[in-house]
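Next comes final-v2.tsv, with TSV, C-alpha atoms.
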```tsv
chain	number	residue	atom	x	y	z
A	245	GLY	CA	-13.36	10.95	-6.52
A	246	LEU	CA	-11.64	10.51	-9.90
A	247	SER	CA	-7.91	9.78	-10.23
A	248	ALA	CA	-6.15	11.96	-7.61
A	249	GLY	CA	-9.65	12.60	-6.27
A	250	GLY	CA	-10.11	8.83	-6.01
A	251	ALA	CA	-6.89	8.60	-4.05
A	252	MET	CA	-8.14	11.43	-1.81
A	253	ALA	CA	-11.44	9.61	-1.29
A	254	ALA	CA	-9.43	6.61	-0.05
A	255	VAL	CA	-7.47	8.94	2.26
A	256	MET	CA	-10.67	10.39	3.72
A	257	LEU	CA	-12.22	6.95	4.28
A	258	ALA	CA	-9.05	5.65	5.95
A	259	THR	CA	-8.40	8.66	8.18
A	260	TYR	CA	-12.00	9.54	9.06
A	261	PRO	CA	-13.86	6.20	9.03
A	262	ASP	CA	-16.08	7.40	11.85
A	263	VAL	CA	-17.29	10.31	9.69
A	264	PHE	CA	-17.87	8.62	6.32
A	265	ALA	CA	-20.29	5.72	5.86
A	266	GLY	CA	-19.06	5.03	2.33
A	267	GLY	CA	-16.94	6.27	-0.53
A	268	GLY	CA	-16.34	5.82	-4.22
A	269	THR	CA	-13.09	5.76	-6.18
A	270	ILE	CA	-12.82	6.02	-9.95
A	271	ALA	CA	-9.35	5.22	-11.31
A	272	GLY	CA	-7.92	5.86	-7.85
A	273	LEU	CA	-5.07	4.56	-5.71
A	274	ARG	CA	-5.03	2.59	-2.46
A	275	PHE	CA	-4.40	4.48	0.75
A	276	GLY	CA	-1.02	5.01	2.41
A	277	THR	CA	1.34	3.50	-0.13
A	278	ALA	CA	3.19	6.60	-1.35
A	279	GLN	CA	5.37	8.55	1.07
A	280	SER	CA	7.67	10.52	-1.26
A	281	THR	CA	7.37	12.53	-4.47
A	282	PRO	CA	8.22	9.73	-6.98
A	283	GLU	CA	6.24	7.01	-5.19
A	284	PRO	CA	2.77	8.04	-6.46
A	285	LEU	CA	3.96	7.57	-10.04
A	286	ASP	CA	5.27	4.11	-9.15
A	287	ARG	CA	1.99	3.21	-7.46
A	288	MET	CA	-0.02	4.49	-10.44
A	289	GLY	CA	1.84	1.87	-12.46
A	290	VAL	CA	1.39	-0.75	-9.70
A	291	HIS	CA	5.13	-0.92	-9.08
A	292	GLY	CA	6.18	-1.82	-5.55
A	293	GLY	CA	4.24	-1.14	-2.43
A	294	PRO	CA	2.91	-3.20	0.47
A	295	SER	CA	1.38	-6.66	0.36
A	296	ALA	CA	-2.40	-7.19	0.54
A	297	LYS	CA	-2.17	-7.94	4.27
A	298	GLU	CA	-0.05	-4.84	4.92
A	299	LEU	CA	-2.49	-2.66	2.96
A	300	ALA	CA	-5.26	-3.22	5.53
A	301	GLU	CA	-2.89	-2.60	8.44
A	302	ILE	CA	-1.96	0.76	6.92
A	303	VAL	CA	-5.63	1.79	7.10
A	304	ARG	CA	-6.07	0.40	10.63
A	305	SER	CA	-3.10	2.42	11.83
A	306	ALA	CA	-4.42	5.68	10.32
A	307	SER	CA	-6.98	6.20	13.09
A	308	LYS	CA	-8.17	4.78	16.41
A	309	HIS	CA	-11.36	3.54	14.75
A	310	ASP	CA	-12.13	-0.16	15.19
A	311	GLY	CA	-15.14	-0.44	12.88
A	312	PRO	CA	-17.52	-0.73	11.28
A	313	TRP	CA	-15.60	0.40	8.22
A	314	PRO	CA	-17.02	2.51	5.38
A	315	THR	CA	-18.30	0.76	2.28
A	316	LEU	CA	-16.42	1.28	-0.99
A	317	SER	CA	-17.48	1.41	-4.64
A	318	ILE	CA	-14.54	1.00	-7.03
A	319	TRP	CA	-14.64	1.84	-10.76
A	320	HIS	CA	-11.76	1.49	-13.22
A	321	GLY	CA	-11.30	1.37	-16.99
A	322	SER	CA	-9.59	-1.78	-18.25
A	323	THR	CA	-7.39	0.19	-20.68
A	324	ASP	CA	-6.44	3.01	-18.31
A	325	ARG	CA	-2.83	3.96	-19.16
A	326	THR	CA	-2.59	6.70	-16.50
A	327	VAL	CA	-3.56	4.72	-13.38
A	328	ASP	CA	-3.05	1.02	-13.99
A	329	PRO	CA	-6.22	-1.09	-13.47
A	330	GLY	CA	-4.24	-3.22	-10.99
A	331	ASN	CA	-4.86	-0.43	-8.49
A	332	ALA	CA	-8.53	-1.41	-8.38
A	333	GLU	CA	-7.59	-4.91	-7.28
A	334	ASP	CA	-5.27	-3.47	-4.64
A	335	LEU	CA	-8.10	-1.30	-3.31
A	336	VAL	CA	-10.35	-4.36	-3.16
A	337	ASP	CA	-7.65	-6.22	-1.21
A	338	GLN	CA	-7.07	-3.31	1.17
A	339	TRP	CA	-10.76	-3.02	2.09
A	340	ARG	CA	-11.56	-6.75	1.91
A	341	ALA	CA	-9.30	-7.39	4.87
A	342	LEU	CA	-10.86	-4.51	6.84
A	343	HIS	CA	-14.35	-5.87	6.30
A	344	GLY	CA	-13.26	-9.46	6.93
A	345	VAL	CA	-14.70	-10.76	3.66
A	346	THR	CA	-13.40	-13.60	1.52
A	347	LYS	CA	-11.09	-13.19	-1.46
A	348	SER	CA	-13.81	-14.51	-3.74
A	349	PRO	CA	-16.69	-12.10	-4.31
A	350	THR	CA	-20.10	-12.92	-2.85
A	351	ARG	CA	-21.64	-12.41	-6.27
A	352	THR	CA	-20.62	-11.48	-9.78
A	353	ASN	CA	-22.75	-10.22	-12.62
A	354	ARG	CA	-22.70	-7.81	-15.53
A	355	VAL	CA	-24.23	-4.36	-15.38
A	356	GLY	CA	-24.59	-2.48	-18.64
A	357	GLY	CA	-22.42	-5.20	-20.19
A	358	TYR	CA	-19.55	-4.65	-17.73
A	359	PRO	CA	-18.12	-7.02	-15.09
A	360	HIS	CA	-19.35	-6.21	-11.59
A	361	ARG	CA	-18.22	-7.95	-8.38
A	362	VAL	CA	-19.69	-7.49	-4.89
A	363	TRP	CA	-18.41	-8.58	-1.47
A	364	CYS	CA	-20.87	-8.90	1.43
A	365	ASP	CA	-20.09	-8.97	5.14
A	366	ALA	CA	-21.31	-11.62	7.60
A	367	LYS	CA	-24.65	-9.78	7.88
A	368	GLY	CA	-25.17	-9.93	4.12
A	369	ARG	CA	-24.54	-6.20	3.65
A	370	ASP	CA	-22.81	-5.12	0.43
A	371	VAL	CA	-19.52	-3.57	1.63
A	372	ILE	CA	-17.33	-3.50	-1.49
A	373	GLU	CA	-18.22	-3.43	-5.16
A	374	GLU	CA	-15.98	-3.23	-8.21
A	375	TYR	CA	-16.82	-2.32	-11.80
A	376	VAL	CA	-14.36	-3.00	-14.62
A	377	ILE	CA	-15.30	-0.79	-17.57
A	378	THR	CA	-13.82	-2.83	-20.41
A	379	GLY	CA	-12.21	-0.79	-23.16
A	380	MET	CA	-12.36	2.48	-21.22
A	381	GLY	CA	-9.29	4.61	-20.52
A	382	HIS	CA	-8.66	7.12	-17.74
A	383	GLY	CA	-11.84	8.87	-16.68
A	384	ALA	CA	-15.27	8.61	-15.13
A	385	PRO	CA	-17.79	6.44	-17.00
A	386	LEU	CA	-20.95	8.25	-18.08
A	387	SER	CA	-24.19	7.32	-19.77
A	388	THR	CA	-24.96	10.32	-21.97
A	389	LYS	CA	-27.00	8.96	-24.87
A	390	SER	CA	-30.37	8.39	-23.23
A	391	GLU	CA	-33.03	11.07	-23.54
A	392	ARG	CA	-33.27	10.92	-19.72
A	393	SER	CA	-29.57	11.54	-19.10
A	394	ASP	CA	-28.20	14.90	-18.04
A	395	GLU	CA	-24.58	13.73	-18.17
A	396	VAL	CA	-22.24	15.36	-20.70
A	397	ALA	CA	-19.02	13.80	-21.98
A	398	GLY	CA	-15.80	15.82	-21.88
A	399	PRO	CA	-12.15	15.49	-20.86
A	400	TYR	CA	-11.91	12.57	-18.41
A	401	MET	CA	-15.73	12.27	-18.47
A	402	LEU	CA	-16.15	9.35	-20.86
A	403	GLU	CA	-19.25	7.95	-22.54
A	404	ALA	CA	-19.45	4.29	-21.55
A	405	GLY	CA	-23.17	3.56	-21.53
A	406	ILE	CA	-23.10	3.29	-17.73
A	407	SER	CA	-23.13	6.00	-15.09
A	408	SER	CA	-20.64	5.75	-12.22
A	409	THR	CA	-22.49	8.59	-10.47
A	410	ARG	CA	-25.77	6.71	-10.53
A	411	GLY	CA	-24.06	3.44	-9.66
A	412	ILE	CA	-22.31	4.85	-6.60
A	413	CYS	CA	-25.52	6.55	-5.47
A	414	ARG	CA	-27.32	3.23	-5.73
A	415	PHE	CA	-24.55	1.34	-3.89
A	416	TRP	CA	-24.73	3.78	-1.00
A	417	GLY	CA	-28.47	3.12	-0.76
A	418	LEU	CA	-29.33	6.73	-1.45
A	419	CYS	CA	-31.55	5.94	-4.40
A	420	ASP	CA	-32.56	3.28	-6.88
A	421	ALA	CA	-32.41	5.79	-9.66
A	422	HIS	CA	-31.12	9.15	-10.73
A	423	ILE	CA	-33.63	11.95	-11.10
A	424	SER	CA	-32.69	13.96	-14.17
A	425	ARG	CA	-33.17	17.70	-14.58
A	426	ASN	CA	-36.56	17.19	-16.23
A	427	GLY	CA	-37.77	15.09	-13.29
A	428	GLU	CA	-37.72	11.72	-15.04
A	429	LEU	CA	-36.18	8.71	-13.32
A	430	ALA	CA	-33.31	7.05	-15.11
A	431	ASN	CA	-31.50	3.97	-13.87
A	432	LEU	CA	-27.83	3.08	-13.88
A	433	VAL	CA	-27.61	2.17	-17.57
A	434	ASP	CA	-30.62	4.18	-18.80
A	435	ASP	CA	-32.60	1.12	-19.90
A	436	GLY	CA	-35.84	2.29	-18.33
A	437	PRO	CA	-37.36	4.13	-15.40
A	438	HIS	CA	-37.11	2.86	-11.85
A	439	VAL	CA	-38.78	3.97	-8.65
A	440	ALA	CA	-36.54	5.84	-6.22
A	441	ARG	CA	-36.23	4.34	-2.73
A	442	SER	CA	-36.77	6.71	0.17
A	443	THR	CA	-34.04	6.75	2.81
```
Rewritten as structure tokens:
Amino acid sequence: GLSAGGAMAAVMLATYPDVFAGGGTIAGLRFGTAQSTPEPLDRMGVHGGPSAKELAEIVRSASKHDGPWPTLSIWHGSTDRTVDPGNAEDLVDQWRALHGVTKSPTRTNRVGGYPHRVWCDAKGRDVIEEYVITGMGHGAPLSTKSERSDEVAGPYMLEAGISSTRGICRFWGLCDAHISRNGELANLVDDGPHVARST
């Protein structure tokens, strides 16, 4: 989900963790930190709210579920002026504690030129990933310029040279690549074809 949809994705993961294996938030908010009408605006600006430890407890108290917890892919523009990028870090903290992973990521790299961090659980399974789309404002990152891409930029759908849709699909293990309308395979950053993994 994007923005309010990202916040709703966090709500669904927290309240129905037995139904959802994973989720993705783009410029979203952490779960359970706004209880009144003005509080969402405060949280969007990363003003107030619970500590990192309290954030995980809020999720634990939302259902009777005791794990395993859904995986989470987090995407946020570094220059987002609508939902402060600090919300991405708060989401990482909220879900890090649930998965019992360390504060430091298991691995860091760059994908499509953007910082990417991944946290793995004790079994080596990727459970949280975070992309920081440097220089991007409020919206979903797209990769529209490749001949293989079927993504189209528009309001809140921003050309960034990387596809959040393809990235989230890959993180969930649904595919190694996106199959475009013309049947060609295109990877996360459209730098060449990849073979799709069957699931």
I want to know what sits within 10 Å of segment 318-332 of chain A, based on all atoms listed in the file, with residues of the same chain fewer than 4 positions away left out; could you give that as a PyMOL selection string? chain A and resi 246-248+250+267-274+284-291+336-338+360-361+372-385+404+408+411-412
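Using all atoms listed in the file, the shortest contact distance between Asp370 of chain A and any of A:Ser307, A:Thr350, A:Ser393, A:Thr409 is found at A:Thr350.
Here atom CA of Met256 of chain A and atom CA of Val303 of chain A stand 10.5 Å from one another.
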Given all atoms listed in the file as the basis, pick out the residue of A:Gly357, A:Pro314, A:Gly245, A:Pro261 nearest to Arg369 of chain A. A:Pro314
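Rounded to one decimal, atom CA of Ala341 of chain A and atom CA of Lys367 of chain A lie 15.8 Å from each other.
Atom CA of Val362 of chain A lies 9.2 Å from atom CA of Ser348 of chain A.
For the residues A:Arg410, A:Lys297, A:Lys389, A:His309, ranking by smallest atom-to-atom distance to Val263 of chain A using all atoms listed in the file places A:His309 first.
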Min atom-atom distance to Gly405 of chain A from the set A:Leu342, A:Leu335, A:Leu386, A:Ile302, counting all atoms listed in the file, belongs to A:Leu386
Which residues come within 12 Å of Ser305 of chain A, counting all atoms listed in the file, excluding same-chain residues fewer than 4 positions away, as a ChimeraX atom specification? /A:258-261,275-276,298-301,309-310,342
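With all atoms listed in the file as the basis for measurement, A:Val371 is the residue among A:Val255, A:Val355, A:Val345, A:Val371 that approaches Trp416 of chain A most closely.
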